[in-house]
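Source file: coords_22.cif; contents: mmCIF, C-alpha atoms and all ligand atoms.
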```cif
data_work
#
loop_
_atom_site.group_PDB
_atom_site.id
_atom_site.type_symbol
_atom_site.label_atom_id
_atom_site.label_comp_id
_atom_site.auth_asym_id
_atom_site.auth_seq_id
_atom_site.Cartn_x
_atom_site.Cartn_y
_atom_site.Cartn_z
ATOM 1 C CA MET A 1329 0.000 0.000 0.000
ATOM 2 C CA LEU A 1330 2.710 2.390 1.065
ATOM 3 C CA GLU A 1331 4.645 1.541 -2.034
ATOM 4 C CA LEU A 1332 1.628 2.332 -4.155
ATOM 5 C CA ILE A 1333 1.194 5.768 -2.577
ATOM 6 C CA GLN A 1334 4.842 6.493 -3.125
ATOM 7 C CA ASP A 1335 4.496 5.372 -6.697
ATOM 8 C CA VAL A 1336 1.531 7.663 -7.312
ATOM 9 C CA THR A 1337 3.307 10.609 -5.689
ATOM 10 C CA GLU A 1338 6.366 10.057 -7.817
ATOM 11 C CA LYS A 1339 4.248 9.839 -10.923
ATOM 12 C CA LYS A 1340 2.511 13.068 -10.027
ATOM 13 C CA LEU A 1341 5.816 14.832 -9.397
ATOM 14 C CA GLU A 1342 7.136 13.556 -12.704
ATOM 15 C CA GLU A 1343 4.006 14.810 -14.502
ATOM 16 C CA GLU A 1344 4.344 18.221 -12.865
ATOM 17 C CA LYS A 1345 7.984 18.372 -13.880
ATOM 18 C CA GLN A 1346 7.102 17.507 -17.467
ATOM 19 C CA GLN A 1347 4.443 20.183 -17.478
ATOM 20 C CA ARG A 1348 6.894 22.756 -16.158
ATOM 21 C CA LEU A 1349 9.472 21.819 -18.761
ATOM 22 C CA GLN A 1350 6.818 22.063 -21.463
ATOM 23 C CA GLN A 1351 5.861 25.556 -20.289
ATOM 24 C CA GLN A 1352 9.499 26.618 -20.308
ATOM 25 C CA LEU A 1353 9.910 25.267 -23.815
ATOM 26 C CA VAL A 1354 6.872 27.158 -25.094
ATOM 27 C CA HIS A 1355 8.150 30.299 -23.397
ATOM 28 C CA SER A 1356 11.669 30.106 -24.870
ATOM 29 C CA ASP A 1357 10.262 29.163 -28.266
ATOM 30 C CA ARG A 1358 8.068 32.235 -28.193
ATOM 31 C CA LEU A 1359 10.978 34.446 -27.214
ATOM 32 C CA ILE A 1360 13.075 33.075 -30.070
ATOM 33 C CA SER A 1361 10.373 33.685 -32.675
ATOM 34 C CA ILE A 1362 9.709 37.172 -31.350
ATOM 35 C CA GLY A 1363 13.469 37.752 -31.571
ATOM 36 C CA ARG A 1364 13.572 36.700 -35.204
ATOM 37 C CA LEU A 1365 10.560 38.842 -36.058
ATOM 38 C CA ALA A 1366 12.114 41.805 -34.279
ATOM 39 C CA ALA A 1367 15.326 41.385 -36.285
ATOM 40 C CA GLY A 1368 13.377 41.332 -39.543
ATOM 41 C CA VAL A 1369 11.567 44.516 -38.623
ATOM 42 C CA ALA A 1370 14.842 46.116 -37.533
ATOM 43 C CA HIS A 1371 16.429 45.444 -40.927
ATOM 44 C CA GLU A 1372 13.393 46.973 -42.650
ATOM 45 C CA ILE A 1373 13.654 50.104 -40.530
ATOM 46 C CA ASN A 1374 17.400 50.546 -40.887
ATOM 47 C CA THR A 1375 17.596 51.572 -44.529
ATOM 48 C CA PRO A 1376 14.913 54.287 -44.575
ATOM 49 C CA LEU A 1377 16.208 55.467 -41.218
ATOM 50 C CA ALA A 1378 19.730 55.909 -42.619
ATOM 51 C CA ILE A 1379 18.323 57.964 -45.514
ATOM 52 C CA LEU A 1380 16.303 60.100 -43.129
ATOM 53 C CA SER A 1381 19.185 60.838 -40.782
ATOM 54 C CA GLY A 1382 21.459 61.585 -43.766
ATOM 55 C CA MET A 1383 18.958 64.153 -45.015
ATOM 56 C CA ILE A 1384 18.614 65.792 -41.620
ATOM 57 C CA GLN A 1385 22.397 66.013 -41.413
ATOM 58 C CA GLY A 1386 22.386 67.624 -44.875
ATOM 59 C CA PHE A 1387 19.848 70.257 -43.766
ATOM 60 C CA LEU A 1388 21.917 71.054 -40.690
ATOM 61 C CA GLU A 1389 25.032 71.506 -42.819
ATOM 62 C CA ARG A 1390 23.146 74.071 -44.938
ATOM 63 C CA ASN A 1391 22.231 76.040 -41.842
ATOM 64 C CA GLY A 1392 22.629 79.375 -43.668
ATOM 65 C CA SER A 1393 19.440 78.690 -45.623
ATOM 66 C CA PHE A 1394 17.177 78.197 -42.585
ATOM 67 C CA GLY A 1395 15.928 80.306 -39.703
ATOM 68 C CA SER A 1396 16.961 79.470 -36.158
ATOM 69 C CA GLU A 1397 13.522 77.956 -35.340
ATOM 70 C CA THR A 1398 13.816 75.535 -38.253
ATOM 71 C CA ILE A 1399 17.342 74.579 -37.253
ATOM 72 C CA LYS A 1400 16.086 73.853 -33.749
ATOM 73 C CA GLU A 1401 13.424 71.576 -35.227
ATOM 74 C CA PHE A 1402 16.015 69.770 -37.355
ATOM 75 C CA LYS A 1403 18.100 69.223 -34.243
ATOM 76 C CA THR A 1404 15.104 67.659 -32.508
ATOM 77 C CA MET A 1405 14.567 65.436 -35.536
ATOM 78 C CA GLN A 1406 18.200 64.397 -35.341
ATOM 79 C CA LYS A 1407 17.847 63.574 -31.666
ATOM 80 C CA VAL A 1408 14.785 61.390 -32.132
ATOM 81 C CA THR A 1409 16.250 59.557 -35.125
ATOM 82 C CA LYS A 1410 19.309 58.772 -32.960
ATOM 83 C CA ARG A 1411 16.939 57.286 -30.422
ATOM 84 C CA ILE A 1412 15.261 55.119 -33.082
ATOM 85 C CA GLU A 1413 18.722 53.993 -34.211
ATOM 86 C CA LYS A 1414 19.557 52.921 -30.683
ATOM 87 C CA THR A 1415 16.350 50.920 -30.338
ATOM 88 C CA VAL A 1416 16.933 49.270 -33.710
ATOM 89 C CA ASP A 1417 20.459 48.304 -32.629
ATOM 90 C CA SER A 1418 19.052 46.662 -29.514
ATOM 91 C CA LEU A 1419 16.519 44.829 -31.659
ATOM 92 C CA LEU A 1420 19.289 43.500 -33.859
ATOM 93 C CA GLU A 1421 21.076 42.260 -30.754
ATOM 94 C CA LEU A 1422 18.075 40.025 -30.125
ATOM 95 C CA SER A 1423 18.647 38.144 -33.341
ATOM 96 C CA HIS A 1424 22.301 37.213 -32.935
ATOM 97 C CA PHE A 1425 21.491 33.617 -32.279
ATOM 98 C CA GLU A 1426 24.044 32.064 -34.547
ATOM 99 C CA GLY A 1427 27.459 33.454 -35.248
ATOM 100 C CA ASN A 1428 30.687 32.203 -36.695
ATOM 101 C CA GLU A 1429 32.637 33.400 -33.704
ATOM 102 C CA GLN A 1430 34.228 30.728 -31.527
ATOM 103 C CA PRO A 1431 33.827 30.796 -27.743
ATOM 104 C CA LYS A 1432 36.982 31.821 -25.881
ATOM 105 C CA PRO A 1433 38.077 31.465 -22.232
ATOM 106 C CA VAL A 1434 36.496 34.232 -20.160
ATOM 107 C CA ASN A 1435 37.432 35.279 -16.642
ATOM 108 C CA ILE A 1436 34.000 36.141 -15.246
ATOM 109 C CA ASN A 1437 35.340 37.944 -12.158
ATOM 110 C CA GLU A 1438 37.542 40.248 -14.239
ATOM 111 C CA LEU A 1439 34.695 40.896 -16.644
ATOM 112 C CA ILE A 1440 32.403 41.897 -13.778
ATOM 113 C CA LYS A 1441 35.020 44.294 -12.379
ATOM 114 C CA ASP A 1442 35.623 45.796 -15.833
ATOM 115 C CA THR A 1443 31.901 46.260 -16.369
ATOM 116 C CA ILE A 1444 31.481 48.050 -13.054
ATOM 117 C CA SER A 1445 34.397 50.379 -13.715
ATOM 118 C CA LEU A 1446 32.899 51.187 -17.106
ATOM 119 C CA MET A 1447 29.619 52.067 -15.490
ATOM 120 C CA THR A 1448 30.500 54.183 -12.479
ATOM 121 C CA GLU A 1449 29.534 57.293 -14.463
ATOM 122 C CA GLN A 1450 26.148 55.818 -15.262
ATOM 123 C CA PHE A 1451 25.143 54.943 -11.752
ATOM 124 C CA ALA A 1452 22.350 57.292 -10.852
ATOM 125 C CA ALA A 1453 23.170 57.802 -7.204
ATOM 126 C CA LYS A 1454 26.569 57.561 -5.627
ATOM 127 C CA ASN A 1455 25.120 56.496 -2.295
ATOM 128 C CA LYS A 1456 24.568 52.922 -3.314
ATOM 129 C CA ASN A 1457 26.629 50.142 -1.856
ATOM 130 C CA ILE A 1458 28.145 47.879 -4.456
ATOM 131 C CA VAL A 1459 29.260 44.650 -2.812
ATOM 132 C CA LEU A 1460 31.388 42.143 -4.690
ATOM 133 C CA LYS A 1461 31.784 38.596 -3.417
ATOM 134 C CA LEU A 1462 33.816 37.011 -6.168
ATOM 135 C CA SER A 1463 35.100 33.488 -5.677
ATOM 136 C CA SER A 1464 38.867 33.348 -5.921
ATOM 137 C CA ARG A 1465 38.668 29.833 -7.291
ATOM 138 C CA LEU A 1466 36.248 30.480 -10.103
ATOM 139 C CA PRO A 1467 37.251 28.582 -13.244
ATOM 140 C CA LYS A 1468 37.348 30.403 -16.566
ATOM 141 C CA ILE A 1469 34.414 29.576 -18.773
ATOM 142 C CA LYS A 1470 34.238 29.256 -22.528
ATOM 143 C CA GLY A 1471 32.055 32.004 -23.887
ATOM 144 C CA PHE A 1472 31.668 35.354 -25.583
ATOM 145 C CA ALA A 1473 33.072 38.130 -23.378
ATOM 146 C CA GLU A 1474 31.337 41.053 -25.089
ATOM 147 C CA GLN A 1475 27.956 39.420 -24.872
ATOM 148 C CA LEU A 1476 28.419 38.487 -21.232
ATOM 149 C CA GLN A 1477 29.478 42.048 -20.520
ATOM 150 C CA GLN A 1478 26.195 43.180 -22.019
ATOM 151 C CA VAL A 1479 24.340 40.803 -19.673
ATOM 152 C CA PHE A 1480 26.125 42.250 -16.646
ATOM 153 C CA MET A 1481 25.424 45.798 -17.833
ATOM 154 C CA ASN A 1482 21.723 45.119 -18.339
ATOM 155 C CA LEU A 1483 21.375 43.579 -14.893
ATOM 156 C CA LEU A 1484 23.334 46.413 -13.258
ATOM 157 C CA ILE A 1485 21.314 49.122 -14.989
ATOM 158 C CA ASN A 1486 18.081 47.429 -13.924
ATOM 159 C CA ALA A 1487 19.341 47.105 -10.349
ATOM 160 C CA ASP A 1488 20.355 50.765 -10.423
ATOM 161 C CA ASP A 1489 16.900 51.785 -11.682
ATOM 162 C CA ALA A 1490 15.169 49.712 -8.990
ATOM 163 C CA THR A 1491 17.205 51.008 -6.056
ATOM 164 C CA ALA A 1492 17.435 54.269 -4.145
ATOM 165 C CA ASP A 1493 20.043 55.988 -1.990
ATOM 166 C CA GLY A 1494 21.392 53.657 0.677
ATOM 167 C CA ASP A 1495 20.365 50.472 -1.125
ATOM 168 C CA THR A 1496 22.802 47.658 -1.846
ATOM 169 C CA ILE A 1497 23.625 45.886 -5.073
ATOM 170 C CA SER A 1498 25.639 42.687 -4.602
ATOM 171 C CA ILE A 1499 27.308 40.528 -7.173
ATOM 172 C CA ILE A 1500 28.277 37.049 -6.085
ATOM 173 C CA THR A 1501 30.190 34.462 -8.086
ATOM 174 C CA GLN A 1502 30.563 30.837 -7.072
ATOM 175 C CA GLN A 1503 31.535 27.572 -8.598
ATOM 176 C CA LYS A 1504 28.382 25.509 -8.262
ATOM 177 C CA ASP A 1505 29.683 22.146 -9.308
ATOM 178 C CA LYS A 1506 32.538 20.923 -11.444
ATOM 179 C CA GLY A 1507 30.954 22.011 -14.684
ATOM 180 C CA THR A 1508 28.961 25.105 -13.686
ATOM 181 C CA VAL A 1509 29.538 28.603 -12.352
ATOM 182 C CA SER A 1510 26.855 30.732 -10.772
ATOM 183 C CA ILE A 1511 26.589 34.519 -10.920
ATOM 184 C CA CYS A 1512 24.082 36.401 -8.801
ATOM 185 C CA PHE A 1513 22.947 40.005 -9.047
ATOM 186 C CA LYS A 1514 21.131 40.883 -5.868
ATOM 187 C CA ASP A 1515 19.523 44.218 -5.025
ATOM 188 C CA THR A 1516 17.601 45.629 -2.093
ATOM 189 C CA GLY A 1517 15.365 47.634 -4.407
ATOM 190 C CA THR A 1518 11.648 47.816 -5.185
ATOM 191 C CA GLY A 1519 11.123 44.156 -6.056
ATOM 192 C CA ILE A 1520 8.891 42.810 -8.820
ATOM 193 C CA PRO A 1521 5.199 41.936 -8.339
ATOM 194 C CA GLU A 1522 4.728 38.166 -8.450
ATOM 195 C CA ASP A 1523 2.405 38.177 -11.450
ATOM 196 C CA MET A 1524 4.982 40.140 -13.414
ATOM 197 C CA THR A 1525 7.993 37.840 -13.077
ATOM 198 C CA SER A 1526 6.878 35.684 -16.005
ATOM 199 C CA LYS A 1527 6.665 38.726 -18.276
ATOM 200 C CA ILE A 1528 9.915 40.545 -17.583
ATOM 201 C CA PHE A 1529 11.901 38.536 -20.152
ATOM 202 C CA ASP A 1530 9.460 39.387 -22.957
ATOM 203 C CA PRO A 1531 10.749 41.852 -25.547
ATOM 204 C CA PHE A 1532 9.325 45.349 -24.989
ATOM 205 C CA PHE A 1533 7.987 44.557 -21.544
ATOM 206 C CA THR A 1534 8.822 47.581 -19.425
ATOM 207 C CA THR A 1535 7.398 49.356 -16.413
ATOM 208 C CA LYS A 1536 9.617 52.368 -17.012
ATOM 209 C CA GLU A 1537 8.497 55.670 -18.443
ATOM 210 C CA VAL A 1538 8.823 56.381 -22.154
ATOM 211 C CA GLY A 1539 12.394 57.326 -22.963
ATOM 212 C CA LYS A 1540 13.828 55.472 -19.992
ATOM 213 C CA GLY A 1541 13.214 51.813 -20.731
ATOM 214 C CA THR A 1542 12.932 49.928 -23.998
ATOM 215 C CA GLY A 1543 11.980 46.614 -22.431
ATOM 216 C CA LEU A 1544 14.728 44.879 -24.386
ATOM 217 C CA GLY A 1545 17.428 44.480 -21.713
ATOM 218 C CA LEU A 1546 16.208 41.241 -20.169
ATOM 219 C CA SER A 1547 15.138 39.617 -23.427
ATOM 220 C CA ILE A 1548 18.632 40.237 -24.813
ATOM 221 C CA THR A 1549 20.069 38.927 -21.550
ATOM 222 C CA TYR A 1550 17.930 35.799 -21.815
ATOM 223 C CA GLY A 1551 19.075 35.211 -25.406
ATOM 224 C CA ILE A 1552 22.751 35.562 -24.488
ATOM 225 C CA VAL A 1553 22.464 33.205 -21.508
ATOM 226 C CA LYS A 1554 20.740 30.626 -23.747
ATOM 227 C CA ARG A 1555 23.507 31.024 -26.338
ATOM 228 C CA HIS A 1556 25.922 30.045 -23.575
ATOM 229 C CA ARG A 1557 23.668 27.090 -22.802
ATOM 230 C CA GLY A 1558 23.089 28.526 -19.357
ATOM 231 C CA LYS A 1559 20.081 29.349 -17.225
ATOM 232 C CA ILE A 1560 18.694 32.541 -15.734
ATOM 233 C CA GLN A 1561 16.253 32.596 -12.849
ATOM 234 C CA VAL A 1562 14.690 35.415 -10.877
ATOM 235 C CA LYS A 1563 13.500 35.644 -7.289
ATOM 236 C CA SER A 1564 11.865 38.759 -5.969
ATOM 237 C CA LYS A 1565 9.931 40.099 -3.062
ATOM 238 C CA MET A 1566 8.001 43.341 -3.235
ATOM 239 C CA GLY A 1567 9.645 46.041 -1.175
ATOM 240 C CA ARG A 1568 12.564 43.760 -0.338
ATOM 241 C CA GLY A 1569 14.521 43.309 -3.523
ATOM 242 C CA THR A 1570 15.336 41.129 -6.470
ATOM 243 C CA THR A 1571 17.929 38.485 -7.260
ATOM 244 C CA PHE A 1572 18.862 37.255 -10.700
ATOM 245 C CA ASN A 1573 20.790 33.994 -10.738
ATOM 246 C CA ILE A 1574 22.671 32.961 -13.840
ATOM 247 C CA SER A 1575 24.329 29.580 -14.138
ATOM 248 C CA LEU A 1576 26.735 28.979 -16.971
ATOM 249 C CA PRO A 1577 28.455 25.814 -18.044
ATOM 250 C CA VAL A 1578 32.246 26.004 -17.813
ATOM 251 C CA ASP A 1579 32.507 24.389 -21.206
ATOM 252 C CA ILE A 1580 29.772 25.260 -23.671
ATOM 253 C CA GLY A 1581 30.629 22.167 -25.716
ATOM 254 C CA LYS A 1582 30.124 19.740 -22.879
ATOM 255 C CA VAL A 1583 26.661 20.471 -21.602
ATOM 256 C CA ILE A 1584 24.568 17.575 -20.416
ATOM 257 C CA THR A 1585 20.982 18.727 -20.599
ATOM 258 C CA HIS A 1586 19.094 15.680 -19.390
ATOM 259 C CA GLY A 1587 18.728 14.892 -15.744
ATOM 260 C CA GLN A 1588 19.124 18.527 -14.731
ATOM 261 C CA ARG A 1589 17.207 19.545 -11.693
ATOM 262 C CA ASP A 1590 15.113 22.669 -11.784
ATOM 263 C CA LYS A 1591 15.801 23.947 -8.295
ATOM 264 C CA ASP A 1592 19.330 25.217 -8.389
ATOM 265 C CA PHE A 1593 19.030 28.792 -7.263
ATOM 266 C CA SER A 1594 22.266 29.149 -5.362
ATOM 267 C CA CYS A 1595 22.470 32.585 -3.794
HETATM 268 N N1 LIG A 1601 16.330 44.444 -10.457
HETATM 269 C C1 LIG A 1601 15.061 44.731 -10.760
HETATM 270 N N2 LIG A 1601 14.216 45.184 -9.802
HETATM 271 C C2 LIG A 1601 12.929 45.470 -10.077
HETATM 272 N N3 LIG A 1601 12.360 45.333 -11.306
HETATM 273 C C3 LIG A 1601 13.142 44.889 -12.307
HETATM 274 C C4 LIG A 1601 14.538 44.564 -12.105
HETATM 275 N N4 LIG A 1601 15.046 44.138 -13.272
HETATM 276 C C5 LIG A 1601 14.039 44.192 -14.176
HETATM 277 N N5 LIG A 1601 12.903 44.653 -13.619
HETATM 278 C C6 LIG A 1601 11.587 44.813 -14.283
HETATM 279 O O1 LIG A 1601 11.640 44.170 -15.553
HETATM 280 C C7 LIG A 1601 11.285 45.082 -16.582
HETATM 281 C C8 LIG A 1601 12.000 44.704 -17.877
HETATM 282 O O2 LIG A 1601 13.398 44.913 -17.774
HETATM 283 P P1 LIG A 1601 14.256 45.144 -19.090
HETATM 284 O O3 LIG A 1601 13.958 44.034 -20.065
HETATM 285 O O4 LIG A 1601 15.667 45.327 -18.717
HETATM 286 O O5 LIG A 1601 13.649 46.455 -19.726
HETATM 287 P P2 LIG A 1601 13.757 47.988 -19.217
HETATM 288 O O6 LIG A 1601 14.863 48.059 -18.201
HETATM 289 O O7 LIG A 1601 14.073 48.754 -20.461
HETATM 290 O O8 LIG A 1601 12.406 48.313 -18.656
HETATM 291 C C9 LIG A 1601 11.636 46.455 -16.025
HETATM 292 O O9 LIG A 1601 10.893 47.481 -16.644
HETATM 293 C C10 LIG A 1601 11.274 46.278 -14.542
HETATM 294 O O10 LIG A 1601 9.887 46.428 -14.346
HETATM 295 MG MG MG A 1602 16.745 47.172 -18.509
#
```
Output the file's structure in the form of structure tokens.
Amino acid sequence: MLELIQDVTEKKLEEEKQQRLQQQLVHSDRLISIGRLAAGVAHEINTPLAILSGMIQGFLERNGSFGSETIKEFKTMQKVTKRIEKTVDSLLELSHFEGNEQPKPVNINELIKDTISLMTEQFAAKNKNIVLKLSSRLPKIKGFAEQLQQVFMNLLINADDATADGDTISIITQQKDKGTVSICFKDTGTGIPEDMTSKIFDPFFTTKEVGKGTGLGLSITYGIVKRHRGKIQVKSKMGRGTTFNISLPVDIGKVITHGQRDKDFSC
């Protein structure tokens, strides 16, 4: 009898696991197709946009033929076209799923330190505590340094946006097991409402005001982590803060995908 109950429980757990995996698959599939669509649209926008910004530049160079009001309007046009260009660039980032580039050894700790030193100017408030707990025995991983740097930047900018004076942003690196490293970005900021955590990785999902957020940061981040055959998970509590946990395989070529457990949030 006892055996039977155990059997049923195991079966149920297995079914639930399958269901969860299925949901994850649908979700990542959707993100990939949205990414491809976005890239197509971006290419379509690029050419006319280049013509437009070239013409505006031309008008500005002939500034003798226009009044100061008109020149001011041209300058505004130039500013907004620059903004479109930036958004289009981010869209194109979404589509870089395949590349000919080979993965190279990356020192994650160094990359994190470099990223922070690049960003000190950008941090909104100087009164935030940045805490680094970087494992001194972290193995190098095979990957794409520039892309990983973009991941760290996106997570830092988001943490910066979500925190106020006196808050803390911590970055923790650890070797999780022989083949995996874990990187955590933890903040004591606003937190994310529970019903929103499933949406934050969607392209264009943003809670920020127009001009501040594009909603592309986390979808690009998700794409890059997947390209490294890694995982990204989020845990958040309203009013308490948010933690993003990324786990990356040390060797992209030697990833065993079956038999992986789901619960491996390690910070
Ligand atoms: N550390 C964080 N704390 C609170 N909310 C966050 C955090 N990171 C991301 N978010 C939420 O996820 C949304 C999507 O993030 P992202 O894709 O980077 O786009 P954007 O930053 O342009 O809004 C943000 O608008 C915000 O609501
Ligand atoms: Mg962002």
Self-check item: Test item: residues at most 9 Å from Gln1477 (chain A), only C-alpha atoms, excluding those fewer than 4 positions along its chain, as an MDAnalysis selection string
Solution: chainID A and resid 1439:1440 1442:1443 1472:1473 1481:1482
Contact residues around region 1494-1501 of chain A with all atoms listed in the file at 7 Å, ignoring same-chain residues under 2 positions, as a PDB file with C-alpha atoms, keeping the file's coordinate frame:
```pdb
ATOM      1  CA  ASN A1455      25.120  56.496  -2.295  1.00  0.00           C
ATOM      2  CA  LYS A1456      24.568  52.922  -3.314  1.00  0.00           C
ATOM      3  CA  ASN A1457      26.629  50.142  -1.856  1.00  0.00           C
ATOM      4  CA  ILE A1458      28.145  47.879  -4.456  1.00  0.00           C
ATOM      5  CA  VAL A1459      29.260  44.650  -2.812  1.00  0.00           C
ATOM      6  CA  LEU A1460      31.388  42.143  -4.690  1.00  0.00           C
ATOM      7  CA  LYS A1461      31.784  38.596  -3.417  1.00  0.00           C
ATOM      8  CA  LEU A1462      33.816  37.011  -6.168  1.00  0.00           C
ATOM      9  CA  SER A1463      35.100  33.488  -5.677  1.00  0.00           C
ATOM     10  CA  ALA A1487      19.341  47.105 -10.349  1.00  0.00           C
ATOM     11  CA  THR A1491      17.205  51.008  -6.056  1.00  0.00           C
ATOM     12  CA  ALA A1492      17.435  54.269  -4.145  1.00  0.00           C
ATOM     13  CA  SER A1510      26.855  30.732 -10.772  1.00  0.00           C
ATOM     14  CA  ILE A1511      26.589  34.519 -10.920  1.00  0.00           C
ATOM     15  CA  CYS A1512      24.082  36.401  -8.801  1.00  0.00           C
ATOM     16  CA  PHE A1513      22.947  40.005  -9.047  1.00  0.00           C
ATOM     17  CA  LYS A1514      21.131  40.883  -5.868  1.00  0.00           C
ATOM     18  CA  ASP A1515      19.523  44.218  -5.025  1.00  0.00           C
ATOM     19  CA  THR A1516      17.601  45.629  -2.093  1.00  0.00           C
ATOM     20  CA  GLY A1517      15.365  47.634  -4.407  1.00  0.00           C
TER      21      GLY A1517
END
```
Exercise. Could you give me, as a PyMOL selection string, every polymer residue with an atom at most 9 Å away from an atom of ligand MG 1602 (chain A), counting only C-alpha atoms and all ligand atoms?
Key: chain A and resi 1481-1487+1489+1534+1536+1540-1546
Hey, can I get the axis-aligned box for ligand LIG 1601 (chain A)? All listed atoms, 8 Å padding on each side, centre and edge lengths in Å to one decimal, as AutoDock Vina command-line options.
```
--center_x 13.1 --center_y 46.4 --center_z -15.1 --size_x 22.4 --size_y 20.7 --size_z 26.7
```
Self-check item: Expansion of the PyMOL selection byres (((chain A and resi 1519) around 10) and not hetatm) into residues, as a ChimeraX atom specification
Solution: /A:1487,1490-1491,1515-1518,1520-1522,1525,1563-1571
